[in-house]
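The file run_23.cif contains mmCIF, N, CA and C atoms:
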```cif
data_work
loop_
_atom_site.label_atom_id
_atom_site.label_comp_id
_atom_site.auth_asym_id
_atom_site.auth_seq_id
_atom_site.Cartn_x
_atom_site.Cartn_y
_atom_site.Cartn_z
N MET K 1 -46.12 -7.05 18.49
CA MET K 1 -44.79 -6.56 18.79
C MET K 1 -44.68 -5.12 18.27
N THR K 2 -44.34 -4.20 19.13
CA THR K 2 -44.21 -2.80 18.76
C THR K 2 -42.75 -2.48 18.47
N PRO K 3 -42.47 -1.73 17.40
CA PRO K 3 -41.09 -1.35 17.14
C PRO K 3 -40.50 -0.62 18.34
N ARG K 4 -39.24 -0.93 18.62
CA ARG K 4 -38.56 -0.25 19.71
C ARG K 4 -38.39 1.21 19.34
N CYS K 5 -38.74 2.08 20.27
CA CYS K 5 -38.71 3.51 20.00
C CYS K 5 -38.03 4.22 21.16
N THR K 6 -37.16 5.13 20.85
CA THR K 6 -36.54 5.94 21.89
C THR K 6 -37.48 7.10 22.21
N PRO K 7 -37.23 7.86 23.27
CA PRO K 7 -38.09 9.01 23.57
C PRO K 7 -38.15 10.02 22.43
N ARG K 8 -37.14 10.04 21.56
CA ARG K 8 -37.12 11.00 20.44
C ARG K 8 -37.71 10.40 19.17
N CYS K 9 -38.28 9.23 19.27
CA CYS K 9 -38.82 8.55 18.09
C CYS K 9 -40.00 9.33 17.50
N THR K 10 -39.99 9.46 16.19
CA THR K 10 -41.08 10.12 15.49
C THR K 10 -42.27 9.17 15.45
N PRO K 11 -43.42 9.60 15.94
CA PRO K 11 -44.60 8.72 15.92
C PRO K 11 -45.02 8.40 14.49
N PHE K 12 -45.62 7.25 14.32
CA PHE K 12 -46.13 6.85 13.02
C PHE K 12 -47.48 7.53 12.80
N ALA K 13 -47.63 8.20 11.68
CA ALA K 13 -48.91 8.83 11.34
C ALA K 13 -49.77 7.88 10.52
N ASP K 14 -49.16 6.85 9.96
CA ASP K 14 -49.87 5.91 9.10
C ASP K 14 -49.78 4.52 9.73
N ALA K 15 -50.92 3.96 10.11
CA ALA K 15 -50.94 2.65 10.78
C ALA K 15 -50.39 1.55 9.88
N ALA K 16 -50.60 1.64 8.57
CA ALA K 16 -50.09 0.62 7.66
C ALA K 16 -48.56 0.63 7.64
N VAL K 17 -47.96 1.80 7.70
CA VAL K 17 -46.50 1.90 7.75
C VAL K 17 -46.00 1.30 9.05
N GLN K 18 -46.67 1.59 10.15
CA GLN K 18 -46.26 1.04 11.45
C GLN K 18 -46.36 -0.48 11.43
N ARG K 19 -47.41 -1.03 10.88
CA ARG K 19 -47.55 -2.50 10.82
C ARG K 19 -46.43 -3.12 9.98
N THR K 20 -46.00 -2.42 8.94
CA THR K 20 -44.91 -2.94 8.12
C THR K 20 -43.63 -3.02 8.95
N PHE K 21 -43.33 -1.97 9.72
CA PHE K 21 -42.15 -1.99 10.58
C PHE K 21 -42.26 -3.09 11.62
N GLU K 22 -43.44 -3.28 12.18
CA GLU K 22 -43.65 -4.29 13.21
C GLU K 22 -43.41 -5.70 12.68
N ALA K 23 -43.63 -5.91 11.39
CA ALA K 23 -43.50 -7.25 10.80
C ALA K 23 -42.05 -7.66 10.52
N TRP K 24 -41.14 -6.72 10.47
CA TRP K 24 -39.75 -7.05 10.17
C TRP K 24 -39.06 -7.68 11.37
N PRO K 25 -38.07 -8.54 11.14
CA PRO K 25 -37.28 -9.11 12.25
C PRO K 25 -36.58 -7.98 13.02
N ALA K 26 -36.42 -8.17 14.32
CA ALA K 26 -35.88 -7.14 15.20
C ALA K 26 -34.58 -6.51 14.70
N PRO K 27 -33.56 -7.28 14.28
CA PRO K 27 -32.31 -6.63 13.86
C PRO K 27 -32.52 -5.68 12.67
N ALA K 28 -33.30 -6.10 11.70
CA ALA K 28 -33.56 -5.23 10.55
C ALA K 28 -34.42 -4.05 10.98
N ARG K 29 -35.44 -4.30 11.78
CA ARG K 29 -36.35 -3.24 12.23
C ARG K 29 -35.59 -2.15 12.98
N ASP K 30 -34.69 -2.55 13.87
CA ASP K 30 -33.94 -1.55 14.65
C ASP K 30 -33.11 -0.65 13.74
N ARG K 31 -32.47 -1.23 12.75
CA ARG K 31 -31.66 -0.43 11.82
C ARG K 31 -32.53 0.47 10.94
N LEU K 32 -33.65 -0.07 10.49
CA LEU K 32 -34.54 0.72 9.64
C LEU K 32 -35.21 1.85 10.43
N LEU K 33 -35.52 1.60 11.71
CA LEU K 33 -36.07 2.68 12.54
C LEU K 33 -35.02 3.78 12.74
N ALA K 34 -33.76 3.39 12.89
CA ALA K 34 -32.69 4.38 13.03
C ALA K 34 -32.57 5.20 11.75
N MET K 35 -32.67 4.54 10.60
CA MET K 35 -32.60 5.26 9.32
C MET K 35 -33.81 6.18 9.17
N ARG K 36 -34.98 5.71 9.60
CA ARG K 36 -36.19 6.53 9.56
C ARG K 36 -36.00 7.81 10.37
N GLU K 37 -35.45 7.67 11.57
CA GLU K 37 -35.22 8.85 12.42
C GLU K 37 -34.24 9.82 11.77
N LEU K 38 -33.22 9.28 11.12
CA LEU K 38 -32.25 10.11 10.42
C LEU K 38 -32.92 10.92 9.31
N MET K 39 -33.82 10.28 8.59
CA MET K 39 -34.54 10.99 7.52
C MET K 39 -35.41 12.12 8.08
N PHE K 40 -36.13 11.85 9.16
CA PHE K 40 -36.97 12.89 9.76
C PHE K 40 -36.12 14.03 10.33
N ALA K 41 -35.00 13.69 10.97
CA ALA K 41 -34.13 14.72 11.53
C ALA K 41 -33.50 15.57 10.43
N THR K 42 -33.08 14.95 9.35
CA THR K 42 -32.49 15.68 8.23
C THR K 42 -33.51 16.62 7.61
N ALA K 43 -34.71 16.12 7.40
CA ALA K 43 -35.77 16.95 6.82
C ALA K 43 -36.09 18.14 7.71
N ALA K 44 -36.10 17.92 9.02
CA ALA K 44 -36.44 18.99 9.96
C ALA K 44 -35.39 20.09 10.00
N THR K 45 -34.16 19.76 9.65
CA THR K 45 -33.09 20.76 9.72
C THR K 45 -32.64 21.28 8.35
N THR K 46 -33.32 20.86 7.29
CA THR K 46 -32.97 21.29 5.95
C THR K 46 -33.98 22.31 5.45
N PRO K 47 -33.53 23.54 5.22
CA PRO K 47 -34.47 24.58 4.77
C PRO K 47 -35.18 24.17 3.48
N GLY K 48 -36.47 24.45 3.45
CA GLY K 48 -37.26 24.21 2.26
C GLY K 48 -37.81 22.81 2.09
N VAL K 49 -37.45 21.88 2.97
CA VAL K 49 -37.92 20.51 2.82
C VAL K 49 -39.37 20.38 3.25
N GLY K 50 -39.72 20.92 4.37
CA GLY K 50 -41.08 20.80 4.87
C GLY K 50 -41.34 19.47 5.53
N ALA K 51 -42.60 19.24 5.86
CA ALA K 51 -42.99 18.01 6.57
C ALA K 51 -42.91 16.81 5.63
N LEU K 52 -42.52 15.68 6.21
CA LEU K 52 -42.49 14.44 5.44
C LEU K 52 -43.81 13.70 5.62
N GLU K 53 -44.22 13.01 4.59
CA GLU K 53 -45.43 12.20 4.65
C GLU K 53 -45.05 10.76 4.39
N GLU K 54 -45.29 9.90 5.36
CA GLU K 54 -45.00 8.47 5.20
C GLU K 54 -46.21 7.79 4.58
N THR K 55 -45.94 6.87 3.71
CA THR K 55 -46.99 6.07 3.09
C THR K 55 -46.37 4.75 2.69
N ARG K 56 -47.14 3.88 2.11
CA ARG K 56 -46.61 2.63 1.58
C ARG K 56 -46.74 2.65 0.06
N LYS K 57 -45.69 2.23 -0.59
CA LYS K 57 -45.67 2.08 -2.05
C LYS K 57 -45.23 0.65 -2.33
N TRP K 58 -46.00 -0.06 -3.11
CA TRP K 58 -45.69 -1.45 -3.43
C TRP K 58 -45.47 -2.29 -2.17
N GLY K 59 -46.24 -1.96 -1.13
CA GLY K 59 -46.19 -2.73 0.11
C GLY K 59 -45.05 -2.39 1.05
N GLU K 60 -44.25 -1.38 0.72
CA GLU K 60 -43.11 -1.00 1.54
C GLU K 60 -43.23 0.47 1.95
N PRO K 61 -42.65 0.84 3.11
CA PRO K 61 -42.68 2.24 3.52
C PRO K 61 -41.99 3.15 2.51
N ALA K 62 -42.57 4.29 2.29
CA ALA K 62 -42.00 5.27 1.37
C ALA K 62 -42.15 6.65 1.96
#
```
What does this structure look like when you write it as structure tokens?
Amino acid sequence: MTPRCTPRCTPFADAAVQRTFEAWPAPARDRLLAMRELMFATAATTPGVGALEETRKWGEPA
């Protein structure tokens, strides 16, 4: 099962992070993907933030 992604969805650079999202139930996954997009959009428009790096910490996306 692949997380639902809109055309503006930020691709996953880390396969382990993507697998974590795929494992969550759809209602939670959809909300968390929306929050993920908000974080990437905020970082992209905030001076001095730079690129975000996704990883897993303690088994969860970070």
**OP:** Considering only N, CA and C atoms, return as an MDAnalysis selection string whatever protein or nucleic-acid residues lie within 8 Å of segment 56-59 of chain K, sequence-local ones (same chain, fewer than 2 positions apart) excluded.
**Re:** chainID K and resid 14 16:17 20 53:54 61:62
**OP:** Check chain K with DSSP on the backbone and list each residue it calls strand (DSSP E or B), as a ChimeraX atom specification.
**Re:** /K:56-57,60-61
Subject >> Interatomic distance (Å, one decimal) between atom N of Leu52 of chain K and atom N of Asp30 of chain K >> reply: 21.3 Å
Please, which residues of segment 12-56 of chain K, numbered as in this document, come out alpha helix (DSSP H) from DSSP, as a PDB file with N, CA and C atoms, in the coordinates of the input?
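Saved file states.pdb follows:
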```
ATOM      1  N   ALA K  15     -50.920   3.960  10.110  1.00  0.00           N
ATOM      2  CA  ALA K  15     -50.940   2.650  10.780  1.00  0.00           C
ATOM      3  C   ALA K  15     -50.390   1.550   9.880  1.00  0.00           C
ATOM      4  N   ALA K  16     -50.600   1.640   8.570  1.00  0.00           N
ATOM      5  CA  ALA K  16     -50.090   0.620   7.660  1.00  0.00           C
ATOM      6  C   ALA K  16     -48.560   0.630   7.640  1.00  0.00           C
ATOM      7  N   VAL K  17     -47.960   1.800   7.700  1.00  0.00           N
ATOM      8  CA  VAL K  17     -46.500   1.900   7.750  1.00  0.00           C
ATOM      9  C   VAL K  17     -46.000   1.300   9.050  1.00  0.00           C
ATOM     10  N   GLN K  18     -46.670   1.590  10.150  1.00  0.00           N
ATOM     11  CA  GLN K  18     -46.260   1.040  11.450  1.00  0.00           C
ATOM     12  C   GLN K  18     -46.360  -0.480  11.430  1.00  0.00           C
ATOM     13  N   ARG K  19     -47.410  -1.030  10.880  1.00  0.00           N
ATOM     14  CA  ARG K  19     -47.550  -2.500  10.820  1.00  0.00           C
ATOM     15  C   ARG K  19     -46.430  -3.120   9.980  1.00  0.00           C
ATOM     16  N   THR K  20     -46.000  -2.420   8.940  1.00  0.00           N
ATOM     17  CA  THR K  20     -44.910  -2.940   8.120  1.00  0.00           C
ATOM     18  C   THR K  20     -43.630  -3.020   8.950  1.00  0.00           C
ATOM     19  N   PHE K  21     -43.330  -1.970   9.720  1.00  0.00           N
ATOM     20  CA  PHE K  21     -42.150  -1.990  10.580  1.00  0.00           C
ATOM     21  C   PHE K  21     -42.260  -3.090  11.620  1.00  0.00           C
ATOM     22  N   GLU K  22     -43.440  -3.280  12.180  1.00  0.00           N
ATOM     23  CA  GLU K  22     -43.650  -4.290  13.210  1.00  0.00           C
ATOM     24  C   GLU K  22     -43.410  -5.700  12.680  1.00  0.00           C
ATOM     25  N   ALA K  23     -43.630  -5.910  11.390  1.00  0.00           N
ATOM     26  CA  ALA K  23     -43.500  -7.250  10.800  1.00  0.00           C
ATOM     27  C   ALA K  23     -42.050  -7.660  10.520  1.00  0.00           C
ATOM     28  N   ALA K  26     -36.420  -8.170  14.320  1.00  0.00           N
ATOM     29  CA  ALA K  26     -35.880  -7.140  15.200  1.00  0.00           C
ATOM     30  C   ALA K  26     -34.580  -6.510  14.700  1.00  0.00           C
ATOM     31  N   PRO K  27     -33.560  -7.280  14.280  1.00  0.00           N
ATOM     32  CA  PRO K  27     -32.310  -6.630  13.860  1.00  0.00           C
ATOM     33  C   PRO K  27     -32.520  -5.680  12.670  1.00  0.00           C
ATOM     34  N   ALA K  28     -33.300  -6.100  11.700  1.00  0.00           N
ATOM     35  CA  ALA K  28     -33.560  -5.230  10.550  1.00  0.00           C
ATOM     36  C   ALA K  28     -34.420  -4.050  10.980  1.00  0.00           C
ATOM     37  N   ARG K  29     -35.440  -4.300  11.780  1.00  0.00           N
ATOM     38  CA  ARG K  29     -36.350  -3.240  12.230  1.00  0.00           C
ATOM     39  C   ARG K  29     -35.590  -2.150  12.980  1.00  0.00           C
ATOM     40  N   ASP K  30     -34.690  -2.550  13.870  1.00  0.00           N
ATOM     41  CA  ASP K  30     -33.940  -1.550  14.650  1.00  0.00           C
ATOM     42  C   ASP K  30     -33.110  -0.650  13.740  1.00  0.00           C
ATOM     43  N   ARG K  31     -32.470  -1.230  12.750  1.00  0.00           N
ATOM     44  CA  ARG K  31     -31.660  -0.430  11.820  1.00  0.00           C
ATOM     45  C   ARG K  31     -32.530   0.470  10.940  1.00  0.00           C
ATOM     46  N   LEU K  32     -33.650  -0.070  10.490  1.00  0.00           N
ATOM     47  CA  LEU K  32     -34.540   0.720   9.640  1.00  0.00           C
ATOM     48  C   LEU K  32     -35.210   1.850  10.430  1.00  0.00           C
ATOM     49  N   LEU K  33     -35.520   1.600  11.710  1.00  0.00           N
ATOM     50  CA  LEU K  33     -36.070   2.680  12.540  1.00  0.00           C
ATOM     51  C   LEU K  33     -35.020   3.780  12.740  1.00  0.00           C
ATOM     52  N   ALA K  34     -33.760   3.390  12.890  1.00  0.00           N
ATOM     53  CA  ALA K  34     -32.690   4.380  13.030  1.00  0.00           C
ATOM     54  C   ALA K  34     -32.570   5.200  11.750  1.00  0.00           C
ATOM     55  N   MET K  35     -32.670   4.540  10.600  1.00  0.00           N
ATOM     56  CA  MET K  35     -32.600   5.260   9.320  1.00  0.00           C
ATOM     57  C   MET K  35     -33.810   6.180   9.170  1.00  0.00           C
ATOM     58  N   ARG K  36     -34.980   5.710   9.600  1.00  0.00           N
ATOM     59  CA  ARG K  36     -36.190   6.530   9.560  1.00  0.00           C
ATOM     60  C   ARG K  36     -36.000   7.810  10.370  1.00  0.00           C
ATOM     61  N   GLU K  37     -35.450   7.670  11.570  1.00  0.00           N
ATOM     62  CA  GLU K  37     -35.220   8.850  12.420  1.00  0.00           C
ATOM     63  C   GLU K  37     -34.240   9.820  11.770  1.00  0.00           C
ATOM     64  N   LEU K  38     -33.220   9.280  11.120  1.00  0.00           N
ATOM     65  CA  LEU K  38     -32.250  10.110  10.420  1.00  0.00           C
ATOM     66  C   LEU K  38     -32.920  10.920   9.310  1.00  0.00           C
ATOM     67  N   MET K  39     -33.820  10.280   8.590  1.00  0.00           N
ATOM     68  CA  MET K  39     -34.540  10.990   7.520  1.00  0.00           C
ATOM     69  C   MET K  39     -35.410  12.120   8.080  1.00  0.00           C
ATOM     70  N   PHE K  40     -36.130  11.850   9.160  1.00  0.00           N
ATOM     71  CA  PHE K  40     -36.970  12.890   9.760  1.00  0.00           C
ATOM     72  C   PHE K  40     -36.120  14.030  10.330  1.00  0.00           C
ATOM     73  N   ALA K  41     -35.000  13.690  10.970  1.00  0.00           N
ATOM     74  CA  ALA K  41     -34.130  14.720  11.530  1.00  0.00           C
ATOM     75  C   ALA K  41     -33.500  15.570  10.430  1.00  0.00           C
ATOM     76  N   THR K  42     -33.080  14.950   9.350  1.00  0.00           N
ATOM     77  CA  THR K  42     -32.490  15.680   8.230  1.00  0.00           C
ATOM     78  C   THR K  42     -33.510  16.620   7.610  1.00  0.00           C
ATOM     79  N   ALA K  43     -34.710  16.120   7.400  1.00  0.00           N
ATOM     80  CA  ALA K  43     -35.770  16.950   6.820  1.00  0.00           C
ATOM     81  C   ALA K  43     -36.090  18.140   7.710  1.00  0.00           C
ATOM     82  N   ALA K  44     -36.100  17.920   9.020  1.00  0.00           N
ATOM     83  CA  ALA K  44     -36.440  18.990   9.960  1.00  0.00           C
ATOM     84  C   ALA K  44     -35.390  20.090  10.000  1.00  0.00           C
ATOM     85  N   THR K  45     -34.160  19.760   9.650  1.00  0.00           N
ATOM     86  CA  THR K  45     -33.090  20.760   9.720  1.00  0.00           C
ATOM     87  C   THR K  45     -32.640  21.280   8.350  1.00  0.00           C
TER      88      THR K  45
END
```
Original post:
Which distance in Å separates atom C of Arg36 of chain K and atom N of Thr10 of chain K, to one decimal?
Top reply: 7.2 Å
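Between Cys9 of chain K and the candidates K:Glu37, K:Gly50, K:Phe21, K:Arg31, the tightest atom-to-atom separation, counting only N, CA and C atoms, involves K:Glu37.
Rounded to one decimal, atom CA of Trp24 of chain K and atom CA of Glu60 of chain K lie 11.1 Å from each other.
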Since the input lacks some atoms of segment 15-26 of chain K, please model all heavy atoms and print them as an mmCIF file, keeping the file's coordinate frame.
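Result file is rebuild.cif:
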```
data_model
loop_
_atom_site.group_PDB
_atom_site.id
_atom_site.type_symbol
_atom_site.label_atom_id
_atom_site.label_comp_id
_atom_site.auth_asym_id
_atom_site.auth_seq_id
_atom_site.Cartn_x
_atom_site.Cartn_y
_atom_site.Cartn_z
ATOM 1 N N ALA K 15 -50.920 3.960 10.110
ATOM 2 C CA ALA K 15 -50.940 2.650 10.780
ATOM 3 C C ALA K 15 -50.390 1.550 9.880
ATOM 4 O O ALA K 15 -49.756 0.609 10.370
ATOM 5 C CB ALA K 15 -52.355 2.320 11.225
ATOM 6 N N ALA K 16 -50.600 1.640 8.570
ATOM 7 C CA ALA K 16 -50.090 0.620 7.660
ATOM 8 C C ALA K 16 -48.560 0.630 7.640
ATOM 9 O O ALA K 16 -47.931 -0.439 7.585
ATOM 10 C CB ALA K 16 -50.640 0.838 6.253
ATOM 11 N N VAL K 17 -47.960 1.800 7.700
ATOM 12 C CA VAL K 17 -46.500 1.900 7.750
ATOM 13 C C VAL K 17 -46.000 1.300 9.050
ATOM 14 O O VAL K 17 -45.038 0.525 9.069
ATOM 15 C CB VAL K 17 -46.040 3.369 7.590
ATOM 16 C CG1 VAL K 17 -44.540 3.487 7.833
ATOM 17 C CG2 VAL K 17 -46.403 3.895 6.214
ATOM 18 N N GLN K 18 -46.670 1.590 10.150
ATOM 19 C CA GLN K 18 -46.260 1.040 11.450
ATOM 20 C C GLN K 18 -46.360 -0.480 11.430
ATOM 21 O O GLN K 18 -45.433 -1.156 11.900
ATOM 22 C CB GLN K 18 -47.129 1.604 12.569
ATOM 23 C CG GLN K 18 -46.700 1.104 13.932
ATOM 24 C CD GLN K 18 -47.422 1.777 15.070
ATOM 25 O OE1 GLN K 18 -48.199 2.704 14.865
ATOM 26 N NE2 GLN K 18 -47.176 1.325 16.267
ATOM 27 N N ARG K 19 -47.410 -1.030 10.880
ATOM 28 C CA ARG K 19 -47.550 -2.500 10.820
ATOM 29 C C ARG K 19 -46.430 -3.120 9.980
ATOM 30 O O ARG K 19 -45.952 -4.210 10.300
ATOM 31 C CB ARG K 19 -48.926 -2.875 10.252
ATOM 32 C CG ARG K 19 -50.059 -2.686 11.234
ATOM 33 C CD ARG K 19 -51.353 -3.318 10.746
ATOM 34 N NE ARG K 19 -51.797 -2.791 9.462
ATOM 35 C CZ ARG K 19 -52.559 -1.709 9.299
ATOM 36 N NH1 ARG K 19 -52.955 -1.015 10.362
ATOM 37 N NH2 ARG K 19 -52.919 -1.321 8.099
ATOM 38 N N THR K 20 -46.000 -2.420 8.940
ATOM 39 C CA THR K 20 -44.910 -2.940 8.120
ATOM 40 C C THR K 20 -43.630 -3.020 8.950
ATOM 41 O O THR K 20 -42.919 -4.027 8.913
ATOM 42 C CB THR K 20 -44.693 -2.050 6.881
ATOM 43 O OG1 THR K 20 -45.898 -2.032 6.116
ATOM 44 C CG2 THR K 20 -43.561 -2.573 6.013
ATOM 45 N N PHE K 21 -43.330 -1.970 9.720
ATOM 46 C CA PHE K 21 -42.150 -1.990 10.580
ATOM 47 C C PHE K 21 -42.260 -3.090 11.620
ATOM 48 O O PHE K 21 -41.289 -3.788 11.917
ATOM 49 C CB PHE K 21 -41.959 -0.631 11.268
ATOM 50 C CG PHE K 21 -41.176 0.358 10.442
ATOM 51 C CD1 PHE K 21 -41.815 1.184 9.529
ATOM 52 C CD2 PHE K 21 -39.804 0.478 10.585
ATOM 53 C CE1 PHE K 21 -41.116 2.102 8.772
ATOM 54 C CE2 PHE K 21 -39.087 1.389 9.835
ATOM 55 C CZ PHE K 21 -39.734 2.200 8.925
ATOM 56 N N GLU K 22 -43.440 -3.280 12.180
ATOM 57 C CA GLU K 22 -43.650 -4.290 13.210
ATOM 58 C C GLU K 22 -43.410 -5.700 12.680
ATOM 59 O O GLU K 22 -43.034 -6.592 13.432
ATOM 60 C CB GLU K 22 -45.060 -4.185 13.783
ATOM 61 C CG GLU K 22 -45.273 -2.951 14.614
ATOM 62 C CD GLU K 22 -46.730 -2.714 14.987
ATOM 63 O OE1 GLU K 22 -47.623 -3.419 14.456
ATOM 64 O OE2 GLU K 22 -46.976 -1.813 15.796
ATOM 65 N N ALA K 23 -43.630 -5.910 11.390
ATOM 66 C CA ALA K 23 -43.500 -7.250 10.800
ATOM 67 C C ALA K 23 -42.050 -7.660 10.520
ATOM 68 O O ALA K 23 -41.773 -8.851 10.359
ATOM 69 C CB ALA K 23 -44.306 -7.312 9.503
ATOM 70 N N TRP K 24 -41.140 -6.720 10.470
ATOM 71 C CA TRP K 24 -39.750 -7.050 10.170
ATOM 72 C C TRP K 24 -39.060 -7.680 11.370
ATOM 73 O O TRP K 24 -39.361 -7.356 12.519
ATOM 74 C CB TRP K 24 -38.985 -5.802 9.738
ATOM 75 C CG TRP K 24 -39.312 -5.341 8.364
ATOM 76 C CD1 TRP K 24 -39.629 -6.112 7.285
ATOM 77 C CD2 TRP K 24 -39.388 -3.983 7.906
ATOM 78 N NE1 TRP K 24 -39.875 -5.321 6.185
ATOM 79 C CE2 TRP K 24 -39.743 -4.021 6.545
ATOM 80 C CE3 TRP K 24 -39.185 -2.759 8.510
ATOM 81 C CZ2 TRP K 24 -39.882 -2.871 5.784
ATOM 82 C CZ3 TRP K 24 -39.338 -1.613 7.753
ATOM 83 C CH2 TRP K 24 -39.675 -1.670 6.407
ATOM 84 N N PRO K 25 -38.070 -8.540 11.140
ATOM 85 C CA PRO K 25 -37.280 -9.110 12.250
ATOM 86 C C PRO K 25 -36.580 -7.980 13.020
ATOM 87 O O PRO K 25 -36.197 -6.960 12.428
ATOM 88 C CB PRO K 25 -36.264 -10.004 11.555
ATOM 89 C CG PRO K 25 -36.789 -10.219 10.166
ATOM 90 C CD PRO K 25 -37.644 -9.036 9.842
ATOM 91 N N ALA K 26 -36.420 -8.170 14.320
ATOM 92 C CA ALA K 26 -35.880 -7.140 15.200
ATOM 93 C C ALA K 26 -34.580 -6.510 14.700
ATOM 94 O O ALA K 26 -34.459 -5.279 14.712
ATOM 95 C CB ALA K 26 -35.719 -7.677 16.614
#
```
